[in-house]
Structure formats: structure tokens, C-alpha cells
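Structure file input.txt with compact mmCIF, C-alpha atoms:
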```txt
# COMPACT_ATOMS: atom_id res chain seq x y z
CA MET I 1 124.22 167.44 46.99
CA ASN I 2 127.12 169.27 45.46
CA SER I 3 127.92 166.50 43.01
CA VAL I 4 124.28 166.47 41.88
CA LEU I 5 124.49 170.19 41.25
CA THR I 6 127.69 170.00 39.20
CA LYS I 7 126.30 167.05 37.26
CA ASN I 8 123.19 169.06 36.40
CA ILE I 9 125.24 172.07 35.34
CA ILE I 10 127.37 169.87 33.07
CA ASN I 11 124.23 168.23 31.64
CA PHE I 12 122.77 171.67 30.96
CA LEU I 13 125.85 172.94 29.12
CA VAL I 14 126.42 169.73 27.15
CA LEU I 15 122.78 169.51 26.04
CA VAL I 16 122.71 173.16 24.93
CA LEU I 17 125.96 172.79 22.98
CA VAL I 18 124.93 169.52 21.35
CA GLN I 19 121.52 170.93 20.46
CA VAL I 20 122.94 174.09 18.95
CA ALA I 21 125.94 172.65 17.15
CA ILE I 22 124.57 169.33 15.91
CA PHE I 23 120.86 168.70 16.24
CA ASN I 24 119.74 172.03 14.80
CA ASN I 25 121.63 171.41 11.59
CA ILE I 26 120.14 168.03 10.77
CA ASN I 27 117.15 169.35 8.77
CA PHE I 28 116.01 165.86 7.87
CA LEU I 29 113.72 166.03 4.80
CA GLY I 30 114.18 169.79 4.78
CA TYR I 31 112.61 170.76 8.08
CA ILE I 32 112.66 167.99 10.70
CA ASN I 33 114.94 168.76 13.65
CA PRO I 34 115.00 166.93 16.97
CA TYR I 35 114.97 169.04 20.13
CA VAL I 36 116.84 166.74 22.51
CA TYR I 37 117.52 169.45 25.09
CA VAL I 38 114.12 168.57 26.64
CA LEU I 39 115.90 165.51 28.10
CA PHE I 40 117.23 167.86 30.75
CA ILE I 41 113.70 168.68 31.91
CA LEU I 42 112.46 165.10 31.52
CA PHE I 43 115.21 163.55 33.63
CA PHE I 44 115.70 166.33 36.15
CA PRO I 45 115.91 164.55 39.54
CA VAL I 46 112.47 163.98 41.03
CA LYS I 47 112.05 166.05 44.15
CA ASN I 48 109.33 168.14 45.61
CA ASN I 49 110.94 171.41 44.64
CA ARG I 50 108.88 172.58 41.70
CA LEU I 51 110.05 176.18 41.82
CA GLN I 52 113.57 175.02 41.00
CA ILE I 53 112.68 173.01 37.91
CA ILE I 54 110.37 175.73 36.54
CA GLY I 55 113.11 178.34 36.94
CA VAL I 56 115.83 176.15 35.45
CA SER I 57 113.60 175.19 32.50
CA PHE I 58 112.97 178.84 31.74
CA LEU I 59 116.71 179.48 31.73
CA LEU I 60 117.33 176.49 29.48
CA GLY I 61 114.62 177.51 27.02
CA LEU I 62 115.84 181.09 26.93
CA THR I 63 119.42 179.96 26.24
CA ILE I 64 118.22 177.88 23.30
CA ASP I 65 116.11 180.85 22.11
CA MET I 66 119.15 183.08 22.22
CA PHE I 67 121.10 180.74 19.97
CA LEU I 68 118.25 180.15 17.53
CA ASP I 69 116.84 183.72 17.41
CA THR I 70 113.36 182.47 18.12
CA GLY I 71 112.14 185.07 20.62
CA GLY I 72 110.72 183.07 23.53
CA ILE I 73 109.15 179.96 22.05
CA HIS I 74 111.54 177.43 23.57
CA ALA I 75 111.30 179.14 26.96
CA ALA I 76 107.51 179.02 26.85
CA ALA I 77 107.34 175.37 25.84
CA SER I 78 109.98 174.35 28.42
CA VAL I 79 108.30 176.20 31.29
CA PHE I 80 104.99 174.63 30.33
CA ILE I 81 106.24 171.04 30.43
CA ALA I 82 108.19 171.75 33.62
CA TYR I 83 104.94 172.85 35.25
CA LEU I 84 103.08 169.88 33.82
CA ARG I 85 105.76 167.32 34.78
CA PRO I 86 104.47 166.25 38.24
CA ALA I 87 101.03 165.45 36.84
CA ILE I 88 102.51 163.35 34.02
CA LEU I 89 104.91 161.66 36.44
CA LYS I 90 101.97 160.71 38.61
CA SER I 91 99.94 159.33 35.73
CA SER I 92 102.77 157.31 34.19
CA PHE I 93 104.53 156.02 37.30
CA GLY I 94 101.58 155.96 39.69
CA MET I 95 102.38 154.76 43.20
CA MET I 96 106.12 155.14 42.84
CA TYR I 97 105.77 158.88 42.39
CA GLU I 98 103.53 159.13 45.45
CA HIS I 99 106.31 157.63 47.53
CA GLN I 100 108.97 159.86 45.95
CA THR I 101 111.02 156.86 44.86
CA VAL I 102 111.15 157.37 41.11
CA LYS I 103 114.69 156.74 39.86
CA PHE I 104 114.83 157.03 36.10
CA ASN I 105 117.47 154.32 35.83
CA THR I 106 115.38 151.66 37.52
CA VAL I 107 111.79 152.34 36.46
CA ASP I 108 109.78 150.14 34.14
CA PHE I 109 110.71 150.71 30.47
CA GLY I 110 107.11 150.95 29.21
CA SER I 111 106.03 153.65 31.62
CA LYS I 112 109.23 155.55 30.94
CA ILE I 113 108.41 155.65 27.23
CA THR I 114 104.83 156.85 27.88
CA TYR I 115 106.26 159.59 30.07
CA ILE I 116 108.72 160.68 27.36
CA ILE I 117 106.09 160.58 24.59
CA ILE I 118 103.53 162.70 26.46
CA LEU I 119 105.92 165.44 27.54
CA VAL I 120 107.77 165.65 24.21
CA ALA I 121 104.50 165.83 22.25
CA VAL I 122 103.14 168.62 24.49
CA HIS I 123 106.45 170.50 24.26
CA HIS I 124 106.57 170.29 20.47
CA LEU I 125 102.93 171.26 20.04
CA ILE I 126 103.43 174.47 22.03
CA LEU I 127 106.77 175.09 20.34
CA PHE I 128 105.45 174.93 16.79
CA SER I 129 102.17 176.72 17.58
CA LEU I 130 104.16 179.66 18.88
CA GLU I 131 106.73 179.48 16.09
CA ILE I 132 104.20 179.52 13.24
CA PHE I 133 101.75 181.67 15.24
CA SER I 134 98.83 181.42 12.87
CA ILE I 135 95.65 179.38 13.19
CA SER I 136 95.23 179.20 9.42
CA LYS I 137 98.39 177.07 9.23
CA ILE I 138 97.19 174.49 11.76
CA LEU I 139 97.99 171.63 9.40
CA LEU I 140 101.61 172.76 9.09
CA ILE I 141 101.79 173.00 12.91
CA LEU I 142 100.44 169.47 13.38
CA GLN I 143 102.67 168.07 10.64
CA LYS I 144 105.81 169.62 12.11
CA THR I 145 104.80 168.55 15.62
CA LEU I 146 104.24 164.96 14.55
CA PHE I 147 107.45 164.44 12.60
CA SER I 148 109.73 166.33 14.97
CA SER I 149 108.18 164.55 17.98
CA ILE I 150 108.88 161.14 16.46
CA PHE I 151 112.49 162.13 15.82
CA THR I 152 112.96 163.61 19.31
CA ILE I 153 111.31 160.64 21.06
CA LEU I 154 113.49 158.15 19.20
CA LEU I 155 116.67 160.03 20.05
CA SER I 156 115.59 160.60 23.66
CA VAL I 157 114.92 156.90 24.19
CA ILE I 158 118.25 155.94 22.60
CA ILE I 159 120.19 158.50 24.64
CA SER I 160 118.44 157.52 27.87
CA ILE I 161 119.24 153.84 27.25
CA ILE I 162 122.91 154.57 26.51
CA PHE I 163 123.45 156.80 29.50
CA SER I 164 121.38 154.93 32.08
CA SER I 165 123.18 151.62 31.48
CA LYS I 166 126.48 153.34 32.15
CA THR I 167 125.49 154.67 35.55
CA LYS I 168 124.00 151.42 36.81
CA MET Q 1 97.43 191.03 54.18
CA GLN Q 2 98.11 187.73 55.89
CA GLN Q 3 95.73 186.05 53.47
CA ILE Q 4 97.38 187.53 50.42
CA ILE Q 5 100.78 186.26 51.56
CA ASN Q 6 99.26 182.87 52.31
CA PHE Q 7 97.72 182.80 48.86
CA ILE Q 8 101.05 183.60 47.24
CA ILE Q 9 102.86 180.94 49.26
CA ARG Q 10 100.21 178.34 48.52
CA ASN Q 11 100.23 179.01 44.79
CA LYS Q 12 103.89 179.91 44.37
CA ASN Q 13 104.48 177.21 41.74
CA PHE Q 14 101.59 178.32 39.61
CA LEU Q 15 102.44 182.01 39.98
CA LEU Q 16 106.07 181.48 38.99
CA PHE Q 17 104.93 179.40 36.03
CA LEU Q 18 102.47 182.10 34.98
CA LEU Q 19 105.10 184.83 35.29
CA LEU Q 20 107.77 183.01 33.27
CA PHE Q 21 105.27 181.79 30.68
CA THR Q 22 103.99 185.34 30.16
CA ILE Q 23 107.53 186.66 29.77
CA SER Q 24 108.27 184.05 27.10
CA ILE Q 25 105.02 184.81 25.28
CA ILE Q 26 105.92 188.52 25.25
CA PHE Q 27 109.34 187.70 23.78
CA THR Q 28 107.63 185.50 21.19
CA ILE Q 29 105.18 188.19 20.14
CA GLN Q 30 107.99 190.71 19.84
CA SER Q 31 109.96 188.34 17.64
CA HIS Q 32 107.03 188.11 15.24
CA SER Q 33 107.08 191.81 14.41
CA TYR Q 34 109.68 193.32 12.15
CA HIS Q 35 112.66 195.08 13.78
CA LYS Q 36 110.97 195.22 17.20
CA SER Q 37 113.47 195.57 20.00
CA LYS Q 38 114.53 192.13 21.13
CA PHE Q 39 116.75 191.39 24.10
CA ILE Q 40 117.39 187.82 23.13
CA ASN Q 41 119.28 187.41 19.87
CA SER Q 42 122.27 185.45 18.66
CA ALA Q 43 124.44 188.50 17.89
CA ASN Q 44 126.18 188.48 21.26
CA PHE Q 45 129.66 187.38 22.23
CA LEU Q 46 128.49 184.09 23.73
CA SER Q 47 126.36 182.59 20.96
CA GLY Q 48 128.36 184.40 18.29
CA GLY Q 49 131.56 182.95 19.71
CA VAL Q 50 130.13 179.43 19.86
CA TYR Q 51 128.83 179.64 16.31
CA ASN Q 52 132.12 181.08 15.13
CA SER Q 53 134.14 178.19 16.52
CA VAL Q 54 131.67 175.61 15.20
CA ASN Q 55 131.83 177.30 11.81
CA ASN Q 56 135.62 177.25 11.84
CA ILE Q 57 135.41 173.47 11.76
CA SER Q 58 132.35 172.94 9.60
CA ASN Q 59 133.28 175.30 6.79
CA TYR Q 60 135.95 172.83 5.68
CA LEU Q 61 133.13 170.54 4.62
CA SER Q 62 131.88 172.95 1.96
CA LEU Q 63 135.20 174.29 0.72
CA LYS Q 64 134.84 172.72 -2.69
CA SER Q 65 131.39 174.04 -3.54
CA GLN Q 66 132.22 177.48 -2.13
CA ASN Q 67 135.36 177.54 -4.27
CA GLU Q 68 133.26 176.77 -7.33
CA LEU Q 69 130.98 179.69 -6.49
CA LEU Q 70 133.87 182.10 -6.07
CA LYS Q 71 135.46 180.87 -9.29
CA GLU Q 72 132.21 181.39 -11.15
CA GLU Q 73 131.93 184.92 -9.80
CA ASN Q 74 135.57 185.70 -10.62
CA ASN Q 75 134.97 184.51 -14.13
CA ARG Q 76 131.91 186.74 -14.52
CA LEU Q 77 133.69 189.80 -13.14
CA ARG Q 78 136.76 189.15 -15.30
CA SER Q 79 134.69 188.95 -18.46
CA LEU Q 80 132.96 192.17 -17.41
CA LEU Q 81 136.32 193.85 -16.89
CA PHE Q 82 137.87 192.86 -20.21
CA ASN Q 83 134.82 193.42 -22.37
CA ASN Q 84 134.08 196.85 -20.99
CA ASN Q 85 137.15 198.73 -22.26
CA ILE Q 86 137.58 200.56 -19.00
CA SER Q 87 140.28 203.15 -19.50
CA THR Q 88 143.33 202.68 -17.33
CA ASP Q 89 144.85 205.97 -18.39
CA SER Q 90 145.64 207.81 -15.16
CA THR Q 91 145.46 211.28 -16.70
CA PHE Q 92 141.76 210.83 -17.26
CA LEU Q 93 139.70 211.75 -14.19
CA ASP Q 94 136.72 209.49 -13.71
CA THR Q 95 134.32 211.69 -11.77
CA ILE Q 96 131.81 208.87 -11.35
CA SER Q 97 134.05 206.94 -9.01
CA TYR Q 98 134.32 209.86 -6.62
CA ASP Q 99 130.80 209.73 -5.33
CA LYS Q 100 130.14 206.05 -5.01
CA GLN Q 101 126.69 205.43 -3.64
CA TYR Q 102 127.22 201.91 -2.36
CA LYS Q 103 129.90 200.48 -0.13
CA PHE Q 104 130.54 196.74 0.09
CA TYR Q 105 131.81 194.61 2.97
CA THR Q 106 132.48 190.87 2.97
CA ALA Q 107 131.26 188.52 5.69
CA GLU Q 108 130.81 184.85 6.47
CA VAL Q 109 127.58 183.22 7.55
CA ILE Q 110 128.24 181.45 10.86
CA LYS Q 111 124.68 180.32 11.53
CA ASN Q 112 122.12 179.54 8.87
CA SER Q 113 118.55 178.35 9.24
CA TYR Q 114 115.89 177.70 6.62
CA SER Q 115 113.51 175.18 8.18
CA LYS Q 116 111.53 177.59 10.35
CA THR Q 117 108.92 180.13 9.27
CA ASP Q 118 110.99 183.05 10.57
CA ASN Q 119 114.58 182.40 9.65
CA ILE Q 120 117.43 184.53 10.93
CA LEU Q 121 121.12 184.17 10.01
CA THR Q 122 124.16 185.23 12.01
CA ILE Q 123 127.25 186.67 10.33
CA ASN Q 124 130.72 187.42 11.66
CA ARG Q 125 130.74 191.19 11.12
CA GLY Q 126 129.36 193.75 13.55
CA ARG Q 127 129.57 197.31 14.82
CA ASN Q 128 133.38 197.16 14.84
CA ASP Q 129 133.24 196.78 11.05
CA SER Q 130 130.70 199.66 10.87
CA ILE Q 131 127.78 197.38 10.07
CA LYS Q 132 124.43 198.86 11.06
CA GLN Q 133 120.77 197.93 10.99
CA ASP Q 134 119.06 197.89 7.57
CA PHE Q 135 122.13 197.19 5.46
CA GLY Q 136 121.42 194.75 2.63
CA VAL Q 137 123.05 191.32 2.42
CA ILE Q 138 123.65 189.53 -0.91
CA THR Q 139 125.74 186.73 -2.38
CA SER Q 140 127.25 186.55 -5.86
CA ARG Q 141 124.01 184.91 -7.04
CA GLY Q 142 121.26 186.92 -5.41
CA ILE Q 143 119.85 188.57 -2.32
CA VAL Q 144 119.96 187.04 1.16
CA GLY Q 145 118.32 189.48 3.57
CA ILE Q 146 118.61 192.63 5.69
CA ILE Q 147 120.76 193.27 8.80
CA ASP Q 148 118.69 193.34 11.98
CA LYS Q 149 120.62 193.36 15.28
CA THR Q 150 124.32 194.09 15.63
CA SER Q 151 126.82 193.52 18.43
CA ASN Q 152 130.48 194.46 18.41
CA ARG Q 153 131.61 191.45 16.40
CA PHE Q 154 128.44 189.83 15.06
CA ALA Q 155 125.16 190.71 13.41
CA THR Q 156 121.88 188.95 12.72
CA VAL Q 157 120.31 189.00 9.27
CA ILE Q 158 116.56 188.74 8.63
CA SER Q 159 116.58 186.21 5.79
CA ILE Q 160 114.24 186.60 2.82
CA LEU Q 161 112.94 183.25 4.08
CA ASN Q 162 111.14 185.05 6.91
CA THR Q 163 107.42 185.69 6.95
CA THR Q 164 107.94 189.19 8.37
CA SER Q 165 110.39 190.34 5.70
CA SER Q 166 109.20 192.28 2.67
CA ILE Q 167 111.53 193.48 -0.06
CA SER Q 168 110.73 195.55 -3.14
CA ALA Q 169 111.36 193.65 -6.38
CA GLU Q 170 110.51 194.13 -10.06
CA LEU Q 171 110.21 192.29 -13.35
CA LYS Q 172 113.49 192.83 -15.21
CA ASN Q 173 111.81 193.15 -18.61
CA SER Q 174 108.90 195.49 -17.91
CA GLY Q 175 109.84 197.22 -14.65
CA HIS Q 176 106.53 196.46 -12.89
CA TYR Q 177 107.29 196.17 -9.20
CA GLY Q 178 105.81 194.45 -6.19
CA SER Q 179 106.86 193.15 -2.81
CA LEU Q 180 108.68 189.93 -2.10
CA ASN Q 181 107.28 187.81 0.74
CA TRP Q 182 107.62 184.20 1.85
CA ASN Q 183 104.76 181.87 2.72
CA GLY Q 184 106.92 179.65 4.94
CA GLU Q 185 106.79 176.50 2.81
CA THR Q 186 109.79 175.55 0.65
CA PRO Q 187 113.14 177.36 0.94
CA GLU Q 188 113.64 177.41 -2.86
CA ILE Q 189 110.47 179.33 -3.77
CA ILE Q 190 109.35 182.76 -2.55
CA GLN Q 191 106.33 184.86 -3.51
CA LEU Q 192 106.18 188.16 -5.37
CA THR Q 193 102.85 189.91 -4.80
CA ASP Q 194 101.20 193.16 -5.92
CA ILE Q 195 102.28 192.94 -9.57
CA PRO Q 196 99.55 194.83 -11.49
CA ILE Q 197 97.29 192.77 -13.73
CA ASN Q 198 98.38 194.56 -16.92
CA ALA Q 199 102.01 193.44 -16.58
CA ILE Q 200 103.14 191.09 -19.34
CA PHE Q 201 105.52 188.29 -18.40
CA GLN Q 202 106.03 184.60 -18.84
CA GLN Q 203 107.50 181.68 -17.00
CA GLY Q 204 111.29 181.87 -16.73
CA ASP Q 205 111.49 185.69 -16.69
CA THR Q 206 114.03 187.18 -14.31
CA ILE Q 207 113.08 189.04 -11.12
CA VAL Q 208 115.53 191.66 -9.80
CA THR Q 209 115.54 194.16 -6.93
CA SER Q 210 113.82 197.43 -7.77
CA GLY Q 211 116.14 199.81 -5.92
CA LYS Q 212 113.12 201.62 -4.46
CA SER Q 213 113.78 200.73 -0.83
CA SER Q 214 117.23 202.41 -0.44
CA ILE Q 215 118.53 199.13 1.02
CA PHE Q 216 119.45 197.22 -2.12
CA PRO Q 217 120.78 198.78 -5.34
CA LYS Q 218 118.76 198.26 -8.50
CA ASN Q 219 119.16 195.12 -10.63
CA ILE Q 220 120.45 192.57 -8.13
CA ASN Q 221 119.31 189.14 -9.25
CA ILE Q 222 116.67 187.37 -7.18
CA GLY Q 223 115.24 184.50 -9.20
CA THR Q 224 113.11 183.36 -12.13
CA ILE Q 225 109.34 183.07 -12.45
CA GLU Q 226 108.22 179.53 -11.67
CA GLY Q 227 104.45 180.01 -11.83
CA PHE Q 228 101.79 182.65 -11.25
CA LYS Q 229 98.13 183.14 -10.43
CA LYS Q 230 95.74 186.05 -9.89
CA ASP Q 231 94.92 187.03 -6.32
CA VAL Q 232 91.43 186.80 -4.83
CA ALA Q 233 90.31 190.23 -6.05
CA GLU Q 234 91.86 189.60 -9.52
CA ASN Q 235 93.65 192.96 -9.45
CA TYR Q 236 97.17 191.67 -8.92
CA TYR Q 237 99.30 188.70 -9.79
CA GLU Q 238 100.92 186.46 -7.20
CA ILE Q 239 104.11 185.07 -8.68
CA ASN Q 240 106.16 182.14 -7.38
CA VAL Q 241 109.84 182.97 -7.76
CA LYS Q 242 112.53 180.30 -7.84
CA LEU Q 243 115.59 181.75 -6.14
CA PHE Q 244 119.01 181.77 -7.82
CA ASN Q 245 120.55 181.47 -4.37
CA ASP Q 246 120.69 178.15 -2.59
CA MET Q 247 119.60 179.43 0.82
CA THR Q 248 120.50 176.13 2.46
CA ASN Q 249 124.17 176.48 1.60
CA LEU Q 250 125.33 180.04 2.30
CA GLU Q 251 128.91 180.82 3.21
CA HIS Q 252 130.41 184.02 1.75
CA VAL Q 253 128.12 187.04 1.63
CA TYR Q 254 128.47 190.74 0.82
CA ILE Q 255 126.98 193.52 2.92
CA ILE Q 256 125.84 196.64 1.08
CA GLU Q 257 125.79 200.07 2.64
CA ASN Q 258 123.86 202.79 0.86
CA ILE Q 259 125.71 206.00 1.67
CA ASP Q 260 122.82 208.20 0.52
CA LYS Q 261 120.31 206.37 2.63
CA ALA Q 262 119.94 208.93 5.41
CA GLU Q 263 119.33 211.64 2.84
CA ILE Q 264 116.74 209.57 0.94
CA ASN Q 265 114.94 208.63 4.15
CA SER Q 266 114.84 212.23 5.38
CA LEU Q 267 113.01 213.18 2.18
CA ASN Q 268 110.50 210.39 2.60
CA GLU Q 269 109.59 211.28 6.16
```

Reformat the file's structure so that it appears as C-alpha cells.
Amino acid sequence: MNSVLTKNIINFLVLVLVQVAIFNNINFLGYINPYVYVLFILFFPVKNNRLQIIGVSFLLGLTIDMFLDTGGIHAAASVFIAYLRPAILKSSFGMMYEHQTVKFNTVDFGSKITYIIILVAVHHLILFSLEIFSISKILLILQKTLFSSIFTILLSVIISIIFSSKTK
Amino acid sequence: MQQIINFIIRNKNFLLFLLLFTISIIFTIQSHSYHKSKFINSANFLSGGVYNSVNNISNYLSLKSQNELLKEENNRLRSLLFNNNISTDSTFLDTISYDKQYKFYTAEVIKNSYSKTDNILTINRGRNDSIKQDFGVITSRGIVGIIDKTSNRFATVISILNTTSSISAELKNSGHYGSLNWNGETPEIIQLTDIPINAIFQQGDTIVTSGKSSIFPKNINIGTIEGFKKDVAENYYEINVKLFNDMTNLEHVYIIENIDKAEINSLNE
């Protein structure tokens, strides 16, 4: 239990630092940045304790908000996908989730990608809607959501492949 | 009572979610209004310290271009100095220099952003260097923004690339003034609105600060006119201004304090 806790704390700190120091300064084509810190919420160990993940996600989002001066948009998007996570887990992993046996290192690759795509897209949609905060700029919101999501999903899949093969 | 507690226990996940989501939405709404009190900003010792140490490494990457900028500015100031015949005779008392209106501080940008619709920079000067809210920030080429939050060692700057910022600017040739806003699209172009329809100008004319806001002095360069159109009511022009500053590559900035500001503001109240 204790080693899981320390591992999560280290993951949290590393992801925040990497996000703030590297991935926010990419600005691919002028405005496309990946938000890889969502990996923390995506691959938080599957357990029944939903209060824990919602609380931790809020903290993570707020830390990112503090660094980026964005008010509360990352916190809102993170809390939202943390709340939504069990439903998406159920729909992408089906029976395995029912039996509480989902281990992200061993699950089927296809369903893992669906899971990543759905949560990242929802996260980015909320993020950019709140950032731009204007219905008249809906096209800009959708455009930013699309391009940033693609970037984040690609990086998330790559990172999850690299790090899951190590721990096997 | 029992039922209320049962209800809370049954829906504790949803209630916690609702609570935290509402808090974040409140923070978000606050961040969309100008100078509203914000608890969460990057001018604190933690994020400021992280950005400072990252910047210590990354500023080596732009040393060459920053050197060019400083050289260019040195050159301009030197030519100003030698062509102005300023008297160096110490017996002559220059009364103008006794009541300087503006005070300048130097600072370095440790966090820059330009890809969002509300961009905020962080600089490595704060309350310890007597930096306060509403000081202007410029570079050698043009304006950058206005100081927002300060901590002991750091401060945040509302960039001109922020949809909530609005700065008074004028046409250098005719003196017609309007307000400078950003539509959130490209970081090179910002919009000057409320220029009256009888103003005469053409593409390539220079836009400077108007000095009407008591934040920036008069005649600081902003950019050149890139294109213009009439607004919906056809009473005012909307002008696209191409900035002199490259907002994506800021390093050394100057902070301007207007010493007469309190006095000017007390008259306007």
C-alpha cells in the first residue's frame, strides 16, 4: 500500500513538472500543446474509491492552473473526467471492470486506446470551452480540441507503451 | 435527519464532484474578469521558483537573438545621446531631471504564453523590488502588458495578447485615439478599435501609446497598421495592428512606474 502511495506521489510531481517545463512550451503550429498530465487520472489504479480519485484530480488540475494562470479550467476538466472515469472504464473494458481486475499493463491494446481517446477528448472539450468561454467562438473551441486531443492521445499512447513494458 | 445523512452518504461521489466542479468554475469565471481577486496565480514562491530555475537553463538558447536586440537598442540610445547635444556642464542645473515622472525597472520574463486566449506572463521582480499592480511593462521594441498580481519575488503580467486587456493607443500622425484589444487569433496582430471615422491614415502608419491611461507614457511604439475596416455601425474604424514586438520571444523587459499616478487617479475619481 505504501509503495503504491509513494509511486503515485512521484507520478504526480513528475507529470506536473514535465507538463509545465516541457509540454506547455511546444506550441506546435502556434497553438497546439499536449496536456499529458491527464495520464495520471487515466492510469490511476482502479479501485472502488471514487472520492479519492476525484479529490486527487482536483488537486492536480489546480496545481496545473496555478502554473499556467488559467483560473480553474484544468481543475474543472480533471474533476469531470475523474467523475466520468468508472462509466468509461465499464464501457471500454466491460466484464473485466465488473470483476475489478483491470490492470492497465495487461489489458487489450484496442480497448485501452478507446478508453484514452474518449477521456482525453472529453477533457480537452471542457478545457477549451472554459478557456475561450464564448459560444460565438465554437469553431475555435472545436479546432483547438481536435488538434490538441490528437497530440495528447499520440503522446499518451507512446508514454503508456514505454512505461508499461518496463514494469512487466 | 437520518434520511438526509443517508442521502449524503449514498451520493457522496456526486456531491464531492459537484462541489469541486463548482469551485473550479468559480475560479474560471473570476479569471475571465480583469484584475478580479484570484487565489491561484503563478506569482508565488513555488511556481515562480520552478519557472525561475527552468528559465536559468533555457535562456541560454536565446542568448544570441537577445544580444542582437540589446545591441540594437544600445545603438539607438547612443545615436540619441550623441545627436542631442546634451550639456554635460555640471554648473548648469537641469531642473527637468529633478521631477522625473517615470521610473524604470528591468526584469526577465520567466514564463511566457501566447497560444491561449487569455495570456499571462510571469516575471522575476516582485514586491521586494517595489513592483505594484498596474505598472506598465515594455520592451525596447514596444509594449508587453500591465502588472497584475505580485508576490515577494515574482509578478504576473496581463499580456496585450489577452482578451480582457484594453490599452489606450493613438495614431502617431493625427493623434486620434482608441483602445487596443485582442481577438484571440494570431499573436502577431492585435486590434485597435474606436478610431473615429474622420481620422485619416493609411496602411503602414505607426500606432503608439496615447499616455491617457497613466500606466504607459506617451509615444511608446506598438505597431504598424496592417489593415482596417469600418465597424457594424460605420461610426468607427477597426484597425489590425502588426506588433513591433515578437510576443513569442520575450526575455528582457522594462517595468514603468508612473510616480504621478496616484495624483492623476485621485482627480479622475

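For the set I:Ser57, I:Asn105, I:Thr70, I:Thr145, the residue with the smallest atom-to-atom gap to Q:Phe17 is I:Ser57, counting all atoms listed in the file.
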
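Interatomic distance, atom CA of I:Ile158 against atom CA of I:Leu39: 11.3 Å.
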
Can you check which parts of chain I lie within 9 Å of chain Q? Per residue, the shortest pair of atoms and distance in Å to one decimal, counting all atoms listed in the file, sorted by chain and number, as JSON lines.
```
{"residue": "I:Leu17", "atom": "CA", "partner": "Q:Val50", "partner_atom": "CA", "distance": 8.4}
{"residue": "I:Val20", "atom": "CA", "partner": "Q:Tyr51", "partner_atom": "CA", "distance": 8.5}
{"residue": "I:Ala21", "atom": "CA", "partner": "Q:Val54", "partner_atom": "CA", "distance": 6.7}
{"residue": "I:Asn24", "atom": "CA", "partner": "Q:Ser113", "partner_atom": "CA", "distance": 8.5}
{"residue": "I:Asn25", "atom": "CA", "partner": "Q:Ser113", "partner_atom": "CA", "distance": 7.9}
{"residue": "I:Asn27", "atom": "CA", "partner": "Q:Ser115", "partner_atom": "CA", "distance": 6.9}
{"residue": "I:Gly30", "atom": "CA", "partner": "Q:Ser115", "partner_atom": "CA", "distance": 6.4}
{"residue": "I:Tyr31", "atom": "CA", "partner": "Q:Ser115", "partner_atom": "CA", "distance": 4.5}
{"residue": "I:Ile32", "atom": "CA", "partner": "Q:Ser115", "partner_atom": "CA", "distance": 7.7}
{"residue": "I:Asn33", "atom": "CA", "partner": "Q:Ser115", "partner_atom": "CA", "distance": 8.6}
{"residue": "I:Arg50", "atom": "CA", "partner": "Q:Asn13", "partner_atom": "CA", "distance": 6.4}
{"residue": "I:Leu51", "atom": "CA", "partner": "Q:Asn13", "partner_atom": "CA", "distance": 5.7}
{"residue": "I:Ile54", "atom": "CA", "partner": "Q:Phe17", "partner_atom": "CA", "distance": 6.6}
{"residue": "I:Gly55", "atom": "CA", "partner": "Q:Leu16", "partner_atom": "CA", "distance": 8.0}
{"residue": "I:Phe58", "atom": "CA", "partner": "Q:Leu20", "partner_atom": "CA", "distance": 6.8}
{"residue": "I:Leu62", "atom": "CA", "partner": "Q:Ile40", "partner_atom": "CA", "distance": 7.9}
{"residue": "I:Thr63", "atom": "CA", "partner": "Q:Ile40", "partner_atom": "CA", "distance": 8.7}
{"residue": "I:Asp65", "atom": "CA", "partner": "Q:Ile40", "partner_atom": "CA", "distance": 7.2}
{"residue": "I:Met66", "atom": "CA", "partner": "Q:Asn41", "partner_atom": "CA", "distance": 4.9}
{"residue": "I:Phe67", "atom": "CA", "partner": "Q:Ser42", "partner_atom": "CA", "distance": 5.0}
{"residue": "I:Leu68", "atom": "CA", "partner": "Q:Ser42", "partner_atom": "CA", "distance": 6.7}
{"residue": "I:Asp69", "atom": "CA", "partner": "Q:Asn41", "partner_atom": "CA", "distance": 5.1}
{"residue": "I:Thr70", "atom": "CA", "partner": "Q:Ser31", "partner_atom": "CA", "distance": 6.8}
{"residue": "I:Gly71", "atom": "CA", "partner": "Q:Thr28", "partner_atom": "CA", "distance": 4.6}
{"residue": "I:Gly72", "atom": "CA", "partner": "Q:Ser24", "partner_atom": "CA", "distance": 4.4}
{"residue": "I:Ile73", "atom": "CA", "partner": "Q:Thr28", "partner_atom": "CA", "distance": 5.8}
{"residue": "I:His74", "atom": "CA", "partner": "Q:Ser24", "partner_atom": "CA", "distance": 8.2}
{"residue": "I:Ala75", "atom": "CA", "partner": "Q:Ser24", "partner_atom": "CA", "distance": 5.8}
{"residue": "I:Ala76", "atom": "CA", "partner": "Q:Ser24", "partner_atom": "CA", "distance": 5.1}
{"residue": "I:Ala77", "atom": "CA", "partner": "Q:Phe21", "partner_atom": "CA", "distance": 8.3}
{"residue": "I:Val79", "atom": "CA", "partner": "Q:Phe21", "partner_atom": "CA", "distance": 6.4}
{"residue": "I:Phe80", "atom": "CA", "partner": "Q:Phe21", "partner_atom": "CA", "distance": 7.2}
{"residue": "I:Ala82", "atom": "CA", "partner": "Q:Phe17", "partner_atom": "CA", "distance": 8.7}
{"residue": "I:Tyr83", "atom": "CA", "partner": "Q:Phe17", "partner_atom": "CA", "distance": 6.6}
{"residue": "I:Leu130", "atom": "CA", "partner": "Q:Thr28", "partner_atom": "CA", "distance": 7.2}
{"residue": "I:Glu131", "atom": "CA", "partner": "Q:Thr117", "partner_atom": "CA", "distance": 7.2}
{"residue": "I:Ile132", "atom": "CA", "partner": "Q:Thr117", "partner_atom": "CA", "distance": 6.2}
{"residue": "I:Phe133", "atom": "CA", "partner": "Q:His32", "partner_atom": "CA", "distance": 8.3}
{"residue": "I:Leu140", "atom": "CA", "partner": "Q:Glu185", "partner_atom": "CA", "distance": 9.0}
```

Separation of atom CA of Q:Val241 from atom CA of I:Ile138 in Å: 24.8 Å

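Nearest to I:Ile41 of all the residues I:Val157, I:Ile81, I:Ile117, I:Leu127 is I:Ile81, counting all atoms listed in the file.
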
Within 8 Å of file point (113.3, 189.8, -12.8), counting only C-alpha atoms, expressed as a ChimeraX atom specification: /Q:169-173,205-209,221-225

Surrounding residues of stretch 231-234 of chain Q excluding itself and chain neighbours under 5 positions, 12 Å, only C-alpha atoms, as number ranges by chain: Q: 191-198, 239

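From atom CA of Q:Glu238 back to atom CA of Q:Gly204, the distance works out to 14.8 Å.
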
Proximity to Q:Ile143 - best of Q:Glu108, Q:Asp260, Q:Glu269, Q:Asp246, all atoms listed in the file: Q:Asp246

Point (131.2, 175.5, 1.8) neighbourhood (12 Å, only C-alpha atoms) written as an MDAnalysis selection string: chainID Q and resid 55:70 108:110 246 248:253

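Among Q:Asn74, Q:Asn245, Q:Ser214, Q:Asn258, the residue with the shortest atom-to-atom distance to Q:Lys132, counting only C-alpha atoms, is Q:Asn258.
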